[in-house]
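my_file-v5.cif (mmCIF, C-alpha atoms)
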```
data_target
loop_
_atom_site.label_atom_id
_atom_site.label_comp_id
_atom_site.auth_asym_id
_atom_site.auth_seq_id
_atom_site.Cartn_x
_atom_site.Cartn_y
_atom_site.Cartn_z
CA MET A 597 2.67 -38.57 -12.84
CA GLN A 598 3.70 -35.85 -10.37
CA ARG A 599 1.15 -33.10 -9.90
CA THR A 600 2.36 -29.57 -10.70
CA ARG A 601 2.13 -27.32 -7.66
CA ASN A 602 0.71 -23.81 -7.97
CA PRO A 603 3.74 -21.44 -8.14
CA MET A 604 2.26 -19.16 -5.48
CA ILE A 605 1.78 -22.05 -3.06
CA ALA A 606 5.28 -23.34 -3.83
CA THR A 607 6.78 -19.94 -3.04
CA LEU A 608 4.73 -19.67 0.16
CA LEU A 609 5.88 -23.08 1.42
CA ASN A 610 9.51 -22.58 0.40
CA LEU A 611 9.96 -19.18 2.02
CA ARG A 612 12.54 -19.09 4.78
CA GLY A 613 14.05 -16.53 7.16
CA ASN A 614 13.05 -12.90 6.81
CA GLY A 615 10.81 -13.52 3.81
CA ARG A 616 8.76 -16.07 5.72
CA ALA A 617 8.46 -13.91 8.87
CA SER A 618 7.47 -10.85 6.84
CA VAL A 619 4.82 -12.64 4.78
CA TYR A 620 3.46 -14.84 7.57
CA THR A 621 2.81 -11.91 9.94
CA GLU A 622 0.98 -9.82 7.30
CA PRO A 623 -2.47 -11.40 7.95
CA MET A 624 -2.40 -9.77 11.38
CA TRP A 625 -3.46 -6.61 9.56
CA GLY A 626 -6.83 -8.35 9.36
CA LEU A 627 -7.36 -8.25 13.11
CA SER A 628 -6.03 -4.72 13.41
CA MET A 629 -6.07 -1.95 10.80
CA MET A 630 -8.17 -3.74 8.17
CA LEU A 631 -11.08 -3.93 10.60
CA VAL A 632 -11.20 -0.18 10.98
CA LEU A 633 -10.02 1.23 7.63
CA PRO A 634 -13.42 0.75 5.90
CA TYR A 635 -14.88 3.14 8.46
CA ALA A 636 -12.06 5.69 8.66
CA SER A 637 -13.51 8.35 6.34
CA VAL A 638 -17.12 7.77 7.46
CA PHE A 639 -15.97 8.02 11.10
CA MET A 640 -14.46 11.41 10.33
CA LEU A 641 -17.70 12.56 8.68
CA ALA A 642 -19.61 11.45 11.81
CA LEU A 643 -17.37 13.65 13.95
CA GLY A 644 -18.05 16.69 11.78
CA VAL A 645 -15.02 16.57 9.48
CA ARG A 646 -15.99 17.77 5.98
CA ASP A 647 -15.11 16.20 2.60
CA THR A 648 -12.60 18.92 1.82
CA GLN A 649 -10.95 18.42 5.23
CA ILE A 650 -10.76 14.67 4.66
CA GLY A 651 -9.00 15.31 1.37
CA LEU A 652 -6.72 17.84 3.07
CA LEU A 653 -5.82 15.24 5.73
CA ALA A 654 -4.90 12.78 2.99
CA THR A 655 -2.58 15.36 1.43
CA ILE A 656 -1.04 16.34 4.79
CA SER A 657 -0.45 12.67 5.54
CA MET A 658 1.26 12.30 2.18
CA LEU A 659 3.48 15.34 2.81
CA SER A 660 4.45 13.88 6.17
CA GLN A 661 5.32 10.69 4.35
CA VAL A 662 7.50 12.70 1.96
CA VAL A 663 9.64 13.95 4.87
CA PHE A 664 9.88 10.55 6.52
CA GLY A 665 10.38 8.88 3.15
CA LEU A 666 13.38 11.08 2.40
CA LEU A 667 14.92 10.14 5.74
CA SER A 668 13.99 6.48 5.45
CA GLY A 669 17.05 5.33 3.52
CA VAL A 670 19.48 7.00 5.92
CA ILE A 671 17.66 5.68 8.99
CA THR A 672 17.35 2.17 7.54
CA ASP A 673 21.07 2.01 6.74
CA LYS A 674 22.11 3.42 10.10
CA LEU A 675 19.84 1.39 12.41
CA GLY A 676 19.50 -1.70 10.23
CA ARG A 677 16.45 -3.09 8.48
CA ARG A 678 15.18 -5.12 11.45
CA ARG A 679 15.52 -2.50 14.20
CA THR A 680 14.18 0.32 12.02
CA THR A 681 11.07 -1.71 11.19
CA ALA A 682 10.31 -2.35 14.85
CA ILE A 683 10.88 1.22 16.07
CA PHE A 684 9.00 2.98 13.32
CA ASP A 685 6.10 0.52 13.26
CA ILE A 686 5.49 1.59 16.87
CA ILE A 687 5.69 5.27 15.95
CA ALA A 688 3.67 5.01 12.75
CA TRP A 689 0.91 2.61 13.80
CA ALA A 690 0.67 1.95 17.53
CA ILE A 691 0.74 5.61 18.61
CA PRO A 692 -1.67 6.95 15.95
CA CYS A 693 -4.15 4.18 16.77
CA LEU A 694 -4.44 5.60 20.28
CA VAL A 695 -4.93 9.13 18.92
CA TRP A 696 -7.62 7.95 16.48
CA ALA A 697 -9.36 5.99 19.23
CA PHE A 698 -9.91 9.15 21.30
CA ALA A 699 -10.27 11.65 18.41
CA GLN A 700 -12.83 14.44 18.84
CA ASN A 701 -12.38 16.69 15.80
CA PHE A 702 -10.25 17.59 12.78
CA TRP A 703 -7.19 18.48 14.88
CA TRP A 704 -6.91 15.02 16.40
CA PHE A 705 -6.95 13.49 12.94
CA LEU A 706 -4.37 16.02 11.80
CA ILE A 707 -1.95 15.02 14.59
CA ALA A 708 -2.46 11.32 13.88
CA SER A 709 -1.94 11.87 10.13
CA VAL A 710 1.39 13.61 10.67
CA ILE A 711 2.66 10.87 13.02
CA ASN A 712 1.32 8.11 10.79
CA GLY A 713 3.49 9.46 7.96
CA ALA A 714 6.41 7.72 9.66
CA TRP A 715 5.18 4.46 8.11
CA GLN A 716 7.24 5.40 5.05
CA VAL A 717 10.40 4.71 7.07
CA THR A 718 9.22 1.25 8.00
CA GLN A 719 7.95 0.66 4.47
CA ASN A 720 11.50 1.12 3.21
CA SER A 721 13.11 -0.99 5.93
CA TRP A 722 10.41 -3.66 5.69
CA ASP A 723 10.80 -3.90 1.91
CA CYS A 724 14.54 -4.40 2.35
CA LEU A 725 13.93 -6.97 5.09
CA LEU A 726 11.48 -8.77 2.81
CA VAL A 727 13.45 -9.05 -0.44
CA GLU A 728 17.17 -8.57 0.17
CA ASP A 729 17.76 -12.23 1.01
CA VAL A 730 15.19 -13.53 -1.51
CA ASP A 731 16.12 -14.83 -4.97
CA ARG A 732 15.58 -12.07 -7.54
CA ALA A 733 13.33 -14.23 -9.74
CA GLU A 734 11.01 -14.81 -6.77
CA ILE A 735 10.41 -11.11 -6.04
CA PRO A 736 7.13 -10.76 -8.04
CA LYS A 737 5.73 -13.88 -6.34
CA VAL A 738 6.76 -12.61 -2.89
CA TYR A 739 4.95 -9.30 -3.46
CA SER A 740 1.94 -11.28 -4.68
CA LEU A 741 1.99 -13.23 -1.41
CA VAL A 742 2.15 -9.97 0.55
CA LYS A 743 -0.95 -8.75 -1.30
CA VAL A 744 -2.71 -12.06 -0.71
CA ALA A 745 -1.83 -11.99 3.00
CA GLY A 746 -3.30 -8.52 3.29
CA ASP A 747 -6.40 -9.55 1.34
CA PHE A 748 -7.03 -12.54 3.58
CA SER A 749 -7.27 -10.00 6.37
CA ALA A 750 -10.68 -9.01 5.06
CA LEU A 751 -12.11 -12.31 6.31
CA PHE A 752 -12.42 -10.63 9.70
CA ALA A 753 -14.58 -7.76 8.38
CA PRO A 754 -17.84 -9.19 9.83
CA ILE A 755 -16.43 -8.52 13.30
CA ALA A 756 -16.45 -4.80 12.54
CA ALA A 757 -19.91 -4.96 11.00
CA LEU A 758 -21.26 -6.73 14.09
CA LEU A 759 -19.79 -4.10 16.40
CA VAL A 760 -21.15 -1.20 14.35
CA SER A 761 -24.65 -2.68 14.12
CA ASN A 762 -24.78 -3.29 17.89
CA LEU A 763 -22.84 -0.35 19.32
CA GLY A 764 -23.23 2.34 16.69
CA LEU A 765 -20.57 3.74 14.36
CA GLU A 766 -18.66 6.05 16.71
CA LEU A 767 -18.24 3.76 19.72
CA ALA A 768 -17.52 0.72 17.56
CA VAL A 769 -14.78 2.48 15.59
CA ARG A 770 -13.12 3.70 18.80
CA ILE A 771 -13.05 0.12 20.09
CA LEU A 772 -11.64 -1.09 16.76
CA TYR A 773 -8.80 1.46 16.94
CA LEU A 774 -7.92 0.28 20.47
CA ASN A 775 -7.95 -3.29 19.22
CA ALA A 776 -5.65 -2.28 16.34
CA PHE A 777 -3.19 -0.84 18.87
CA VAL A 778 -2.96 -4.18 20.71
CA ILE A 779 -2.71 -6.39 17.60
CA MET A 780 -0.17 -4.15 15.88
CA ALA A 781 2.01 -4.22 19.01
CA LEU A 782 1.94 -8.03 18.89
CA LYS A 783 2.71 -8.06 15.15
CA ILE A 784 5.70 -5.77 15.68
CA TRP A 785 7.10 -8.07 18.39
CA LEU A 786 6.65 -11.25 16.33
CA LEU A 787 8.34 -9.76 13.27
CA TYR A 788 11.28 -8.58 15.36
CA ARG A 789 11.54 -11.92 17.16
CA PHE A 790 11.66 -14.08 14.02
CA THR A 791 13.85 -11.98 11.71
CA THR A 792 17.57 -11.29 11.49
CA GLU A 793 19.45 -8.41 9.91
CA THR A 794 19.99 -8.89 6.18
CA ALA A 795 23.47 -9.33 4.71
CA THR A 796 23.21 -6.00 2.88
CA GLY A 797 21.91 -4.38 6.06
CA VAL A 798 24.94 -5.52 8.06
CA VAL A 799 27.26 -4.03 5.42
CA ARG A 800 25.39 -0.72 5.28
CA MET A 801 25.30 -0.41 9.09
CA GLU A 802 29.08 -0.81 9.17
CA GLN A 803 29.59 1.66 6.32
CA THR A 804 27.42 4.33 7.99
CA ARG A 805 28.80 3.85 11.49
CA GLY A 806 29.97 7.24 12.78
CA VAL A 807 28.52 9.06 9.75
CA SER A 808 26.01 11.80 10.63
CA ILE A 809 22.51 11.77 9.19
CA TRP A 810 23.16 15.13 7.50
CA LYS A 811 26.25 13.83 5.75
CA SER A 812 24.34 10.74 4.68
CA LEU A 813 21.59 12.95 3.27
CA TRP A 814 24.16 14.99 1.37
CA GLU A 815 25.44 11.77 -0.17
CA TYR A 816 22.00 11.30 -1.71
CA ARG A 817 23.23 13.40 -4.62
CA THR A 818 25.28 10.44 -5.89
CA VAL A 819 22.30 8.11 -5.48
CA LEU A 820 20.13 10.61 -7.34
CA GLY A 821 22.52 10.25 -10.25
CA LEU A 822 21.91 6.49 -10.31
CA ILE A 823 18.19 7.12 -10.61
CA ILE A 824 18.39 9.81 -13.26
CA ARG A 825 20.68 7.69 -15.46
CA SER A 826 18.34 4.69 -15.31
CA LYS A 827 15.45 4.89 -17.78
CA GLY A 828 13.96 1.81 -16.15
CA THR A 829 13.94 3.45 -12.74
CA ILE A 830 12.27 6.60 -14.09
CA PHE A 831 9.66 4.49 -15.85
CA SER A 832 8.94 2.40 -12.75
CA LEU A 833 8.60 5.63 -10.75
CA ALA A 834 5.99 6.93 -13.19
CA ILE A 835 3.96 3.73 -12.97
CA ALA A 836 4.24 3.69 -9.15
CA ALA A 837 3.10 7.34 -8.97
CA LEU A 838 0.02 6.69 -11.10
CA VAL A 839 -0.94 3.59 -9.13
CA GLY A 840 -0.26 5.44 -5.85
CA ALA A 841 -2.51 8.38 -6.78
CA VAL A 842 -5.39 6.10 -7.80
CA THR A 843 -4.94 4.06 -4.61
CA LEU A 844 -4.99 7.21 -2.45
CA VAL A 845 -8.24 8.47 -3.95
CA ASN A 846 -9.96 5.08 -3.68
CA ALA A 847 -8.79 4.47 -0.11
CA THR A 848 -10.13 7.87 0.94
CA PHE A 849 -13.41 8.20 -0.96
CA TRP A 850 -14.63 4.77 -2.20
CA GLN A 851 -16.46 4.07 1.06
CA VAL A 852 -17.76 7.64 1.16
CA VAL A 853 -19.33 7.49 -2.32
CA ILE A 854 -21.11 4.17 -1.76
CA ASN A 855 -22.33 5.29 1.67
CA GLN A 856 -23.33 8.89 0.97
CA ARG A 857 -24.33 8.73 -2.72
CA LEU A 858 -25.41 5.13 -3.31
CA GLY A 859 -27.12 4.59 0.06
CA VAL A 860 -25.16 1.61 1.39
CA PRO A 861 -25.74 1.50 5.20
CA ASP A 862 -22.87 1.83 7.69
CA ALA A 863 -23.04 -1.77 8.91
CA LEU A 864 -22.47 -3.15 5.40
CA LEU A 865 -19.41 -1.03 4.56
CA PRO A 866 -16.72 -3.54 5.68
CA PHE A 867 -18.23 -6.31 3.52
CA PHE A 868 -17.21 -4.49 0.34
CA PRO A 869 -13.45 -4.46 1.02
CA MET A 870 -13.84 -8.02 2.30
CA ALA A 871 -15.41 -9.13 -0.98
CA ARG A 872 -12.80 -7.20 -2.98
CA SER A 873 -9.98 -8.78 -1.01
CA LEU A 874 -11.32 -12.32 -1.34
CA LEU A 875 -11.74 -11.82 -5.08
CA SER A 876 -8.18 -10.50 -5.23
CA VAL A 877 -6.93 -13.64 -3.45
CA LEU A 878 -8.82 -15.78 -5.96
CA PHE A 879 -7.24 -13.90 -8.85
CA PHE A 880 -3.76 -14.19 -7.32
CA PHE A 881 -4.05 -17.96 -7.21
CA THR A 882 -5.66 -18.36 -10.63
CA LEU A 883 -5.60 -15.72 -13.36
CA ILE A 884 -2.77 -13.41 -12.25
CA PRO A 885 -0.09 -16.18 -12.12
CA LEU A 886 -1.06 -17.18 -15.68
CA LEU A 887 -0.52 -13.61 -16.85
CA THR A 888 2.70 -12.91 -14.93
CA HIS A 889 4.50 -16.27 -14.91
CA GLY A 890 6.55 -15.32 -17.97
CA ARG A 891 9.50 -12.97 -18.30
CA GLN A 892 7.52 -10.20 -19.98
CA LEU A 893 5.36 -8.01 -17.70
CA ARG A 894 4.27 -5.35 -20.18
CA ALA A 895 1.05 -7.07 -21.30
CA PRO A 896 -0.25 -7.80 -17.78
CA THR A 897 0.48 -4.20 -16.78
CA LEU A 898 -1.63 -2.93 -19.67
CA ILE A 899 -4.41 -5.37 -18.81
CA GLY A 900 -4.32 -4.24 -15.18
CA PHE A 901 -4.69 -0.57 -16.09
CA LEU A 902 -7.56 -1.27 -18.51
CA VAL A 903 -9.52 -3.48 -16.11
CA TYR A 904 -9.10 -1.02 -13.22
CA LEU A 905 -10.23 1.79 -15.55
CA ALA A 906 -13.42 -0.14 -16.36
CA GLY A 907 -14.16 -0.53 -12.63
CA GLN A 908 -13.75 3.18 -11.93
CA LEU A 909 -15.96 4.21 -14.86
CA LEU A 910 -18.65 1.75 -13.81
CA LEU A 911 -18.68 3.18 -10.27
CA VAL A 912 -19.28 6.65 -11.71
CA ALA A 913 -22.07 5.35 -13.94
CA ILE A 914 -24.13 3.73 -11.14
CA PRO A 915 -27.29 5.85 -10.59
CA GLY A 916 -27.53 7.59 -7.22
CA ALA A 917 -30.01 6.35 -4.63
CA ASP A 918 -32.59 8.68 -3.06
CA GLY A 919 -33.32 6.18 -0.30
CA GLY A 920 -31.40 3.00 0.40
CA ALA A 921 -29.36 1.13 -2.17
CA SER A 922 -31.42 -1.05 -4.53
CA PHE A 923 -30.72 -4.60 -5.72
CA SER A 924 -29.36 -3.28 -9.02
CA THR A 925 -27.03 -0.95 -7.10
CA TYR A 926 -25.55 -3.88 -5.19
CA LEU A 927 -25.29 -5.90 -8.40
CA LEU A 928 -23.34 -3.16 -10.17
CA LEU A 929 -21.16 -2.58 -7.09
CA GLY A 930 -20.40 -6.31 -7.14
CA LEU A 931 -19.15 -5.99 -10.72
CA CYS A 932 -17.07 -2.96 -9.66
CA LEU A 933 -15.49 -5.10 -6.94
CA VAL A 934 -14.55 -7.81 -9.45
CA LEU A 935 -12.89 -5.30 -11.77
CA ASP A 936 -11.17 -3.42 -8.92
CA ALA A 937 -9.97 -6.63 -7.26
CA PHE A 938 -8.18 -7.74 -10.40
CA GLY A 939 -6.98 -4.33 -11.58
CA ALA A 940 -5.76 -3.00 -8.21
CA GLY A 941 -4.29 -6.38 -7.23
CA ILE A 942 -2.17 -6.94 -10.31
CA LEU A 943 -1.09 -3.29 -10.49
CA PHE A 944 0.02 -3.29 -6.84
CA MET A 945 2.16 -6.36 -7.41
CA LEU A 946 3.59 -5.13 -10.72
CA SER A 947 4.33 -1.57 -9.60
CA GLU A 948 6.15 -2.78 -6.47
CA SER A 949 7.98 -5.46 -8.46
CA LEU A 950 9.08 -3.04 -11.18
CA VAL A 951 10.58 -0.69 -8.59
CA ALA A 952 12.37 -3.58 -6.85
CA LEU A 953 13.63 -5.06 -10.13
CA HIS A 954 15.00 -1.79 -11.48
CA VAL A 955 16.68 -0.65 -8.24
CA ASP A 956 20.45 -0.84 -7.81
CA ARG A 957 20.71 -3.65 -5.27
CA HIS A 958 23.82 -2.20 -3.57
CA GLU A 959 22.06 1.10 -2.86
CA ARG A 960 18.57 -0.34 -2.37
CA SER A 961 17.54 1.52 0.79
CA ARG A 962 18.69 4.97 -0.34
CA VAL A 963 17.46 4.59 -3.92
CA MET A 964 14.07 3.38 -2.71
CA ALA A 965 13.91 6.27 -0.23
CA ILE A 966 14.33 8.79 -3.06
CA GLN A 967 11.94 6.84 -5.27
CA ARG A 968 9.23 6.79 -2.62
CA THR A 969 9.77 10.47 -1.86
CA ALA A 970 9.37 11.34 -5.54
CA VAL A 971 6.25 9.21 -5.84
CA MET A 972 4.70 10.80 -2.75
CA LEU A 973 5.46 14.34 -3.93
CA VAL A 974 3.60 13.59 -7.15
CA THR A 975 0.79 11.76 -5.34
CA ALA A 976 0.26 14.19 -2.42
CA PRO A 977 -1.90 16.82 -4.18
CA PHE A 978 -4.46 14.21 -5.22
CA GLY A 979 -5.79 13.91 -1.66
CA TRP A 980 -6.75 17.58 -1.53
CA ILE A 981 -7.87 17.65 -5.18
CA SER A 982 -10.13 14.61 -4.73
CA GLY A 983 -11.59 16.10 -1.52
CA TRP A 984 -12.36 19.35 -3.35
CA LEU A 985 -13.96 17.38 -6.20
CA SER A 986 -15.95 15.20 -3.80
CA GLY A 987 -17.35 18.32 -2.13
CA MET A 988 -18.90 19.27 -5.50
CA ASP A 989 -19.94 15.80 -6.69
CA ARG A 990 -18.89 12.50 -5.11
CA ARG A 991 -18.43 10.94 -8.56
CA LEU A 992 -15.74 13.40 -9.64
CA PRO A 993 -12.79 11.83 -7.72
CA PHE A 994 -13.32 8.66 -9.73
CA LEU A 995 -13.39 10.49 -13.04
CA LEU A 996 -10.01 11.83 -11.93
CA THR A 997 -8.71 8.30 -11.29
CA ALA A 998 -10.04 7.23 -14.68
CA VAL A 999 -7.91 9.91 -16.33
CA LEU A 1000 -4.85 8.74 -14.37
CA LEU A 1001 -5.43 5.14 -15.45
CA VAL A 1002 -5.69 6.22 -19.10
CA ILE A 1003 -2.30 7.90 -18.68
CA GLY A 1004 -1.03 4.60 -17.24
CA VAL A 1005 -2.22 2.72 -20.32
CA VAL A 1006 -0.41 5.17 -22.59
CA ALA A 1007 2.78 5.02 -20.50
CA ALA A 1008 2.87 1.22 -20.46
CA ALA A 1009 2.08 1.00 -24.17
CA ARG A 1010 4.51 3.64 -25.44
CA PHE A 1011 7.35 3.98 -22.94
CA TRP A 1012 7.97 0.51 -21.50
CA VAL A 1013 11.57 -0.08 -20.36
CA THR A 1014 13.04 -3.49 -19.59
CA THR A 1015 15.13 -4.00 -16.47
CA HIS A 1016 18.82 -3.05 -16.31
CA GLU A 1017 21.27 -5.81 -17.11
CA GLU A 1018 22.34 -8.08 -14.28
CA PRO A 1019 23.48 -11.69 -14.18
CA HIS A 1020 20.40 -13.95 -14.25
CA ALA A 1021 18.15 -10.90 -14.47
CA VAL A 1022 14.43 -11.27 -14.91
CA GLU A 1023 13.15 -9.59 -18.05
CA VAL A 1024 10.27 -7.24 -17.50
#
```
Is it possible to give me this structure as structure tokens?
Amino acid sequence: MQRTRNPMIATLLNLRGNGRASVYTEPMWGLSMMLVLPYASVFMLALGVRDTQIGLLATISMLSQVVFGLLSGVITDKLGRRRTTAIFDIIAWAIPCLVWAFAQNFWWFLIASVINGAWQVTQNSWDCLLVEDVDRAEIPKVYSLVKVAGDFSALFAPIAALLVSNLGLELAVRILYLNAFVIMALKIWLLYRFTTETATGVVRMEQTRGVSIWKSLWEYRTVLGLIIRSKGTIFSLAIAALVGAVTLVNATFWQVVINQRLGVPDALLPFFPMARSLLSVLFFFTLIPLLTHGRQLRAPTLIGFLVYLAGQLLLVAIPGADGGASFSTYLLLGLCLVLDAFGAGILFMLSESLVALHVDRHERSRVMAIQRTAVMLVTAPFGWISGWLSGMDRRLPFLLTAVLLVIGVVAAARFWVTTHEEPHAVEV
């Protein structure tokens, strides 16, 4: 009797071309940005940046992403998916890593945040590079693999912890940012070397040849009509905005609250995202495929929102520590990680998949540019709001995310929209 292969493993082994190159290079985040991200907010605090300023930086970064996101579709069509990804990965990641490595105060972080906003251009082009030549039914699995690849990156977290414990927070983080510059440069080269322009990309490059960027932007009005007329697209935008806002708050203040309120020492900070990521990988190869293997994605979306909500409420409920974190604190944080790993993991995959499944495939880059811009405009204020709340009480940002997740539950329960009709479409 032939043994049934795990669908995630089957997709991973069967990937070819751009899909394979995009997924296979993702773990390089583990030796670059993922080493330093757990320390980003704490590093800013160490250099005298206040909670409210950290929240403001998150909002400014998001507004920068709005501008670049609006331009992303035009740039992606004009330069092509492959070339755009390479150029704007350098701008958005390599250059800011150097600025962060030598940062001295708030203004350095401000400059890096504005430049880093260019990652929205490469996010659009990279998404197109990833899925345009992939079978439509495989898209949810491909995004799951992307999440898994990023989560495996956390295996390298002990490197950061070792540096911090031996060199101190500030010097260690500066070294980690320089390391991220080198590894990201290598990742950019490998992705460019082993990809080709997509079929849709070749067509769009030819269609936009000789057309100015301003004229292309003006033509967005017709693309906007496609979005407005699609209930599915509007719904997927709402889900993506809610998930994006919760992700922004957690990425900015989760490490701060466990360090400053719950007493977790600096050297242990990277082990928490590592544990969360490894748990997420486990879920992606076990429970999540069982929930999402069918054609109906409404139930797993609801489950994702509810589980993530439980994790956020538990984090708020953990008693503060006067001295160092106690055994019970670590135990409860471990349960938070389990809930967050499942909830955030499945919601990331589903929100990205819903956007990709509802998009008009012939106008993918421009539609996704407008979608991402809309999501970022809605999400942007939550950086400043959560910073303001954290300045009063470091639990408040997570009460805010709990409210957003409740809204997500209501939206998925009451307003679910299946995908637009296409031949061989996947029901969602």
*Could you work out how far atom CA of A:Ser812 lies from atom CA of A:Val963, giving the answer in Å with one decimal?*
12.6 Å
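Residue nearest A:Ser740 within the list A:Pro869, A:Pro885, A:Gly979, A:Gly939: A:Pro885 [criterion: smallest interatomic distance, all atoms listed in the file].
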*List the residues matched by the PyMOL selection byres ((chain A and resi 931) around 12) in the displayed structure as a ChimeraX atom specification, ordered by chain and then by residue number.*
/A:868,871-872,875,903-904,906-911,914,924-930,932-938
*Between atom CA of A:Ile824 and atom CA of A:Leu666, distance in Å (one decimal)*: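 The value is 16.5 Å.
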*What does the PyMOL selection byres ((chain A and resi 999) around 12) select in this file, as a list in words?*
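Applied to this file, the PyMOL selection byres ((chain A and resi 999) around 12) returns Leu838, Val839, Ala841, Val842, Phe901, Leu902, Tyr904, Leu905, Ala906, Gln908, Leu909, Leu992, Pro993, Phe994, Leu995, Leu996, Thr997, Ala998, Leu1000, Leu1001, Val1002, Ile1003, Gly1004, Val1005 and Val1006 of chain A.
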*Expected answer as a count of residues only: all residues with atoms within 10 Å of (-9.2, 14.9, 1.3), only C-alpha atoms*: 28
*Neighbours of stretch 787-796 of chain A within 8 Å (all atoms listed in the file; same-chain residues fewer than 4 positions away dropped), as an NGL selection string?*
:A and (613-614 or 617-618 or 621 or 676-679 or 682 or 725 or 728-729 or 783 or 800 or 958)
*Mind checking which residues fall within 7 Å of A:Gln661, counting only C-alpha atoms, ignoring those fewer than 4 positions away in the same chain, and posting them as an MDAnalysis selection string?*
chainID A and resid 657 665 713:714 716
Kindly save the residues from that selection, with C-alpha atoms included, as an mmCIF file, keeping the file's coordinate frame.
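Written out: out39.cif:
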```cif
data_model
loop_
_atom_site.group_PDB
_atom_site.id
_atom_site.type_symbol
_atom_site.label_atom_id
_atom_site.label_comp_id
_atom_site.auth_asym_id
_atom_site.auth_seq_id
_atom_site.Cartn_x
_atom_site.Cartn_y
_atom_site.Cartn_z
ATOM 1 C CA SER A 657 -0.450 12.670 5.540
ATOM 2 C CA GLY A 665 10.380 8.880 3.150
ATOM 3 C CA GLY A 713 3.490 9.460 7.960
ATOM 4 C CA ALA A 714 6.410 7.720 9.660
ATOM 5 C CA GLN A 716 7.240 5.400 5.050
#
```
If you take every atom of stretch 919-930 of chain A that the file lists and fit an axis-aligned box around them with 4 Å extra on each side, what centre and edge lengths come out in Å to one decimal, as AutoDock Vina command-line options?
```
--center_x -26.9 --center_y -0.1 --center_z -4.9 --size_x 20.9 --size_y 20.5 --size_z 18.6
```
